[in-house]
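Okay, so here's the structure we're looking at.
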Amino acid sequence: MTKKAIAFPAAAAALLGAVILSFFITEYSLQLRAVGVLGACLILWISEAMPISLSSLMMICLLPFLGLMSFNDALSNFGVNTALFIMASSGITIALSDGAIPKFLTNLMMKKFGGKPRLLILGTALLVTVFSAFVSSLATCALFTALIVSALKSSGIRAGQTNLGKALMLTVPACAGIGGFMSPAGTPANILVIDLLKQQGIEVTFLKWCAVGFPVGIPAALLFALSVMLVFKPEKDLNPVVYSEVKFSPADIKTLVIVSAVIVGWFLTSFLPVISPTVVALLGLSVMFLPCFDLLDMKKFSSGVNWDLVLAMGSVSILMTAVSGTGLLSDISGALFGNISSLSPVLIMIIISLVICLLRAFIPTTTAVIALFAPMLISVSQTTGLRIAPLLMTASFWAASALLLIYTEPIYLISYKEGYFSEADLLKTGALPSLILCVAATLGIAGITQLLGM
């Protein structure tokens with residue numbers, strides 16, 4: 001029986017069972033129905049039986065019938081800002097992907113470190129991490145996987161023949177994921193968290209997020225690279241990895257100018273509150289369509305945007321609001337964390353980080369991670385008195401930084417299909433960094449957010 005064939009009856013049973021039970025236990029009627037909706041969503045999300053956006057929208061249509069939220073209220077909670085930002089930044093990613101800029105950066109790194117395997121791995125980790133901070137993690141992984149595989153094959157390094165190829169192919173997806181945490185543009189989860197913090201009265205600017213993301217993300221990426229080199233020691237006697245010179249076309253220069261202007265604009269929004277990062281992204285996208293630039297057309301744009309992700313980012317906030325409005329997650333967080341509220345705040349945060357890290361290994365997509373944990377973390381904050389900003393940003397870190405299993409994180413499948421590493425290889429290299437980061441990244445996020453008054 002296929003995964004889809006199991007998922008749909010299981011989701012229907014979870015929802016129907018909760019609804020029937022709600023008629024008998026009337027005191028907790030709404031909470032039980034919320035359990036049914038959340039359970040059905042999780043089954044569909046984790047099984048990936050249908051696109052996450054469609055499963056979310058299907059459940060939203062049921063909310064009025066379950067008495068959880070009117071349809072008008074649901075529409076008013078649609079995350080328009082988040083969806084538009086993802087759409088606009090996707091267009092910018094498409095323009096970058098079509099040009100020579102990623103290849104130029106890769107070749108520059110090969111030129112510097114091609115004959116030094118350890119430095120090549122560390123250089124790859126840094127390059128991919130920083131690039132992914134401003135470009136989609138999935139696109140970053142696809143771009144650099146293709147470029148590095150081409151360079152490896154040109155050097156005679158085939159899959160299964162060397163530790164260097166294995167180390168590089170593990171480093172690219174892992175660091176693309178970690179880099180996604182470092183700026184609001186890196187992954188959709190970050191924008192969703194920023195919107196949630198705004199609802200809690202906490203304004204997180206583009207610059208503030210980067211001030212947390214870069215000091216946490218870059219050491220995390222280097223830690224993973226060191227773990228890869230520790231487990232799979234790269235050979236020292238290989239021929240240098242070759243590279244070829246790249247020339248910029250006029251289109252590449254135009255793309256570089258626009259993307260640079262957009263990134264500068266994102267940082268300027270920290271000082272000019274009247275302009276939002278979404279507005280800057282939309283303006284940058286619009287300029288790419290102008291005749292004098294002609295970098296995008298509607299056909300290329302429409303086919304390249306992940307519309308499932310755009311819709312998902314808008315719709316999950318509705319489900320989060322509906323479920324948390326019943327008080328269900330407050331009750332759950334009280335039951336789970338009420339008994340540990342006497343522990344030190346640092347220890348509580350590390351425990352929460354460890355729980356999110358382990359569960360993240362089984363939850364696909366950053367959107368689903370935030371949809372599941374954010375409402376509960378808000379309740380935890382209210383129960384324990386912990387600051388909400390570091391809690392939500394820790395969830396966003398793990399949403400981006402999946403370092404344990406392959407099949408729940410699409411970025412690993414891109415390089416995995418090249419045949420350089422196995423599922424066990426990722427688990428070997430990711431387990432120790434994950435354990436260390438449950439402490440180090442959590443404390444780093446908590447300390448920096450406190451310094452920034454978040």
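Chains: A, B, ... in order of the structure tokens. Residues: from 1 per chain. Ligands: from 1, in order shown.
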Point to revise | Nearby residues (only C-alpha atoms) at most 12 Å from Ile253 in chain A, same-chain spacing under 4 positions excluded, as a list in words | key: Ala95, Leu96, Gly99, Ala100, Ile101, Lys247, Phe248, Ser249, Val257, Ile258, Val259, Ser260, Phe293 and Leu295 of chain A
Check your understanding: Hey, what's within 10 Å of Phe85 in chain A if we count only C-alpha atoms and toss same-chain stuff fewer than 2 positions away? As a ChimeraX atom specification, please?
Key -> /A:80-83,87-90,184-185,188,191,276-282,310,313
Dump as a short mmCIF file (atom, residue, chain, number, x, y, z; two decimals), in the first residue's frame, selection limited to C-alpha atoms:
```cif
data_model
loop_
_atom_site.label_atom_id
_atom_site.label_comp_id
_atom_site.auth_asym_id
_atom_site.auth_seq_id
_atom_site.Cartn_x
_atom_site.Cartn_y
_atom_site.Cartn_z
CA VAL A 80 -0.03 38.11 2.68
CA ASN A 81 3.28 39.75 3.63
CA THR A 82 5.04 36.40 3.99
CA ALA A 83 3.60 35.00 0.74
CA MET A 87 7.19 35.10 -4.34
CA ALA A 88 9.40 38.14 -4.96
CA SER A 89 12.59 36.59 -3.57
CA SER A 90 11.94 33.47 -5.70
CA PRO A 184 15.14 36.85 6.68
CA ALA A 185 15.58 36.14 2.96
CA PRO A 188 10.36 31.26 4.45
CA ILE A 191 9.71 35.71 7.60
CA SER A 276 9.56 46.82 4.39
CA PRO A 277 11.80 44.01 3.05
CA THR A 278 8.80 42.77 1.06
CA VAL A 279 8.48 46.13 -0.73
CA VAL A 280 12.21 46.08 -1.57
CA ALA A 281 11.95 42.52 -2.93
CA LEU A 282 8.89 43.38 -5.03
CA VAL A 310 3.89 30.69 -1.47
CA MET A 313 3.32 30.34 3.90
#
```
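Put simply, CA of Val149 in chain A is 22.5 Å away from CA of Leu404 in chain A.
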Review point. Can you list, as a list of chain:residue names, every protein, DNA or RNA residue that comes within 9 Å of Phe131 in chain A when you count only C-alpha atoms, leaving out same-chain residues fewer than 6 positions away?
Key: A:Pro102, A:Ser137, A:Thr140, A:Ala176, A:Gly179, A:Gly180, A:Gly186
Since we have the selection now, will you write its residues out, keeping N, CA and C atoms, as a CSV table (one decimal), in the first residue's frame?
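And here's result.csv as it stands now:
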```
chain,number,residue,atom,x,y,z
A,102,PRO,N,27.0,32.3,-9.8
A,102,PRO,CA,27.4,31.2,-8.9
A,102,PRO,C,28.6,30.5,-9.5
A,137,SER,N,17.5,28.2,-0.1
A,137,SER,CA,18.4,27.1,0.2
A,137,SER,C,18.4,26.0,-0.9
A,140,THR,N,20.2,27.3,-3.9
A,140,THR,CA,21.6,27.3,-3.6
A,140,THR,C,22.2,25.9,-3.7
A,176,ALA,N,23.8,24.9,2.9
A,176,ALA,CA,22.8,25.6,2.3
A,176,ALA,C,21.6,25.7,3.3
A,179,GLY,N,22.7,28.2,6.2
A,179,GLY,CA,22.7,29.6,5.7
A,179,GLY,C,21.3,30.1,5.6
A,180,GLY,N,20.3,29.3,5.4
A,180,GLY,CA,19.0,29.8,5.3
A,180,GLY,C,18.5,30.5,6.5
A,186,GLY,N,16.6,34.1,3.7
A,186,GLY,CA,17.2,32.8,3.6
A,186,GLY,C,16.2,31.7,3.4
```
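Distance check against Thr365 in chain A using only C-alpha atoms: of A:Ala142, A:Ile406, A:Val172, A:Ile94, the minimum falls on A:Ile406.
Each of A:Ala395, A:Pro375, A:Thr106, A:Leu268 was compared to Ser324 in chain A using only C-alpha atoms, and A:Pro375 turns out to be the nearest.
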Review point. Quick one: of A:Gln200, A:Asn306, A:Ser70, A:Thr205, who's nearest to Thr93 in chain A, counting only C-alpha atoms?
Key: A:Asn306
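Here the question is which of A:Leu437, A:Val135, A:Met320, A:Ile202 gets nearest to Asn77 in chain A using only C-alpha atoms, and that residue is A:Met320.
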Practice item. Looking only at alpha helix (DSSP H) from DSSP on the backbone, list the matching residues of range 336-405 of chain A as a PyMOL selection string. Key: chain A and resi 336-337+345-360+366-384+388-400
Kindly save the residues from that selection, with N, CA and C atoms included, as a compact mmCIF listing (two decimals), in the first residue's frame.
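What landed in out01.txt:
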```txt
# COMPACT_ATOMS: atom_id res chain seq x y z
N LEU A 336 3.37 19.89 29.58
CA LEU A 336 4.72 19.44 29.25
C LEU A 336 5.80 20.19 30.02
N PHE A 337 5.61 21.51 30.14
CA PHE A 337 6.69 22.34 30.66
C PHE A 337 6.40 22.95 32.03
N PRO A 345 16.34 28.93 33.29
CA PRO A 345 15.90 29.27 31.92
C PRO A 345 16.81 28.68 30.85
N VAL A 346 18.11 28.67 31.10
CA VAL A 346 19.06 28.14 30.12
C VAL A 346 18.80 26.66 29.87
N LEU A 347 18.60 25.90 30.94
CA LEU A 347 18.37 24.47 30.81
C LEU A 347 17.04 24.19 30.10
N ILE A 348 16.03 24.98 30.40
CA ILE A 348 14.73 24.81 29.72
C ILE A 348 14.88 25.04 28.23
N MET A 349 15.62 26.10 27.84
CA MET A 349 15.80 26.40 26.42
C MET A 349 16.58 25.29 25.72
N ILE A 350 17.57 24.71 26.38
CA ILE A 350 18.34 23.62 25.77
C ILE A 350 17.45 22.40 25.58
N ILE A 351 16.62 22.10 26.56
CA ILE A 351 15.69 20.96 26.45
C ILE A 351 14.74 21.17 25.27
N ILE A 352 14.19 22.39 25.16
CA ILE A 352 13.28 22.70 24.06
C ILE A 352 13.99 22.57 22.72
N SER A 353 15.22 23.08 22.66
CA SER A 353 16.01 23.01 21.42
C SER A 353 16.27 21.57 21.02
N LEU A 354 16.57 20.72 21.99
CA LEU A 354 16.83 19.31 21.72
C LEU A 354 15.58 18.62 21.18
N VAL A 355 14.43 18.93 21.77
CA VAL A 355 13.16 18.34 21.32
C VAL A 355 12.87 18.75 19.88
N ILE A 356 13.04 20.05 19.57
CA ILE A 356 12.78 20.54 18.21
C ILE A 356 13.75 19.91 17.22
N CYS A 357 15.03 19.81 17.60
CA CYS A 357 16.06 19.23 16.73
C CYS A 357 15.71 17.79 16.36
N LEU A 358 15.31 16.99 17.36
CA LEU A 358 15.00 15.58 17.11
C LEU A 358 13.73 15.41 16.28
N LEU A 359 12.69 16.18 16.61
CA LEU A 359 11.44 16.06 15.86
C LEU A 359 11.59 16.62 14.44
N ARG A 360 12.46 17.62 14.28
CA ARG A 360 12.68 18.21 12.94
C ARG A 360 13.14 17.15 11.94
N THR A 366 10.42 23.66 6.12
CA THR A 366 10.51 24.65 7.20
C THR A 366 9.15 25.15 7.62
N THR A 367 8.23 25.24 6.68
CA THR A 367 6.88 25.74 6.97
C THR A 367 6.18 24.89 8.01
N ALA A 368 6.24 23.56 7.81
CA ALA A 368 5.56 22.65 8.73
C ALA A 368 6.18 22.72 10.13
N VAL A 369 7.49 22.92 10.21
CA VAL A 369 8.16 22.99 11.51
C VAL A 369 7.64 24.18 12.31
N ILE A 370 7.59 25.35 11.67
CA ILE A 370 7.12 26.54 12.37
C ILE A 370 5.63 26.44 12.69
N ALA A 371 4.85 25.88 11.77
CA ALA A 371 3.41 25.72 12.01
C ALA A 371 3.16 24.85 13.23
N LEU A 372 3.99 23.83 13.41
CA LEU A 372 3.80 22.92 14.55
C LEU A 372 4.28 23.53 15.86
N PHE A 373 5.47 24.13 15.85
CA PHE A 373 6.09 24.54 17.11
C PHE A 373 5.77 25.96 17.56
N ALA A 374 5.55 26.89 16.62
CA ALA A 374 5.41 28.30 17.01
C ALA A 374 4.29 28.55 18.02
N PRO A 375 3.06 28.09 17.78
CA PRO A 375 2.00 28.36 18.76
C PRO A 375 2.32 27.77 20.14
N MET A 376 2.93 26.58 20.14
CA MET A 376 3.26 25.94 21.41
C MET A 376 4.36 26.72 22.13
N LEU A 377 5.33 27.24 21.37
CA LEU A 377 6.41 28.00 21.99
C LEU A 377 5.90 29.32 22.57
N ILE A 378 4.92 29.91 21.92
CA ILE A 378 4.31 31.13 22.46
C ILE A 378 3.65 30.81 23.80
N SER A 379 2.99 29.65 23.87
CA SER A 379 2.37 29.22 25.13
C SER A 379 3.44 28.90 26.18
N VAL A 380 4.53 28.28 25.75
CA VAL A 380 5.63 27.99 26.67
C VAL A 380 6.19 29.27 27.26
N SER A 381 6.33 30.28 26.42
CA SER A 381 6.83 31.58 26.88
C SER A 381 5.94 32.15 27.97
N GLN A 382 4.63 32.02 27.77
CA GLN A 382 3.68 32.54 28.75
C GLN A 382 3.69 31.70 30.03
N THR A 383 3.95 30.40 29.88
CA THR A 383 3.94 29.50 31.04
C THR A 383 5.20 29.64 31.88
N THR A 384 6.35 29.74 31.23
CA THR A 384 7.63 29.73 31.94
C THR A 384 8.24 31.12 32.14
N ILE A 388 10.16 35.18 24.18
CA ILE A 388 9.63 34.48 23.01
C ILE A 388 10.57 34.58 21.80
N ALA A 389 11.31 35.69 21.67
CA ALA A 389 12.18 35.86 20.50
C ALA A 389 13.21 34.74 20.35
N PRO A 390 14.00 34.43 21.39
CA PRO A 390 14.97 33.34 21.23
C PRO A 390 14.31 31.98 21.02
N LEU A 391 13.14 31.77 21.61
CA LEU A 391 12.44 30.49 21.42
C LEU A 391 12.05 30.30 19.96
N LEU A 392 11.42 31.32 19.37
CA LEU A 392 10.98 31.20 17.98
C LEU A 392 12.17 31.18 17.02
N MET A 393 13.21 31.93 17.33
CA MET A 393 14.39 31.93 16.44
C MET A 393 15.15 30.61 16.53
N THR A 394 15.11 29.96 17.68
CA THR A 394 15.69 28.63 17.80
C THR A 394 14.93 27.63 16.94
N ALA A 395 13.60 27.74 16.95
CA ALA A 395 12.78 26.88 16.08
C ALA A 395 13.11 27.14 14.62
N SER A 396 13.32 28.41 14.26
CA SER A 396 13.66 28.76 12.89
C SER A 396 15.04 28.23 12.51
N PHE A 397 15.97 28.22 13.47
CA PHE A 397 17.30 27.67 13.21
C PHE A 397 17.20 26.20 12.85
N TRP A 398 16.43 25.43 13.62
CA TRP A 398 16.31 24.00 13.35
C TRP A 398 15.44 23.74 12.13
N ALA A 399 14.49 24.63 11.84
CA ALA A 399 13.70 24.48 10.62
C ALA A 399 14.61 24.52 9.40
N ALA A 400 15.62 25.40 9.45
CA ALA A 400 16.57 25.53 8.33
C ALA A 400 17.66 24.47 8.39
```
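Within the 8 Å cut-off around Phe206 in chain A, using only C-alpha atoms and omitting residues fewer than 5 positions from it on the same chain, the listed residues are A:Ser183, A:Pro184, A:Trp266, A:Phe267, A:Thr269, A:Ser270, A:Pro277.
Candidate residues A:Gly201, A:Gly36, A:Gly304, A:Gly165 were compared for distance to Asp98 in chain A, and the nearest is A:Gly304, using only C-alpha atoms.
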Which residues of range 231-316 of chain A sit at most 7 Å from range 51-66 of chain A, using only C-alpha atoms? Give each one's shortest atom pair and distance in Å (one decimal place), in chain and ascending residue order, as a Markdown table.
```
| residue | atom | partner | partner_atom | distance |
| --- | --- | --- | --- | --- |
| A:Asp308 | CA | A:Ser53 | CA | 5.4 |
| A:Leu309 | CA | A:Ser53 | CA | 6.8 |
| A:Leu311 | CA | A:Ser53 | CA | 5.4 |
| A:Ala312 | CA | A:Ser53 | CA | 4.0 |
| A:Ser315 | CA | A:Ser56 | CA | 6.3 |
| A:Val316 | CA | A:Ser56 | CA | 6.4 |
```
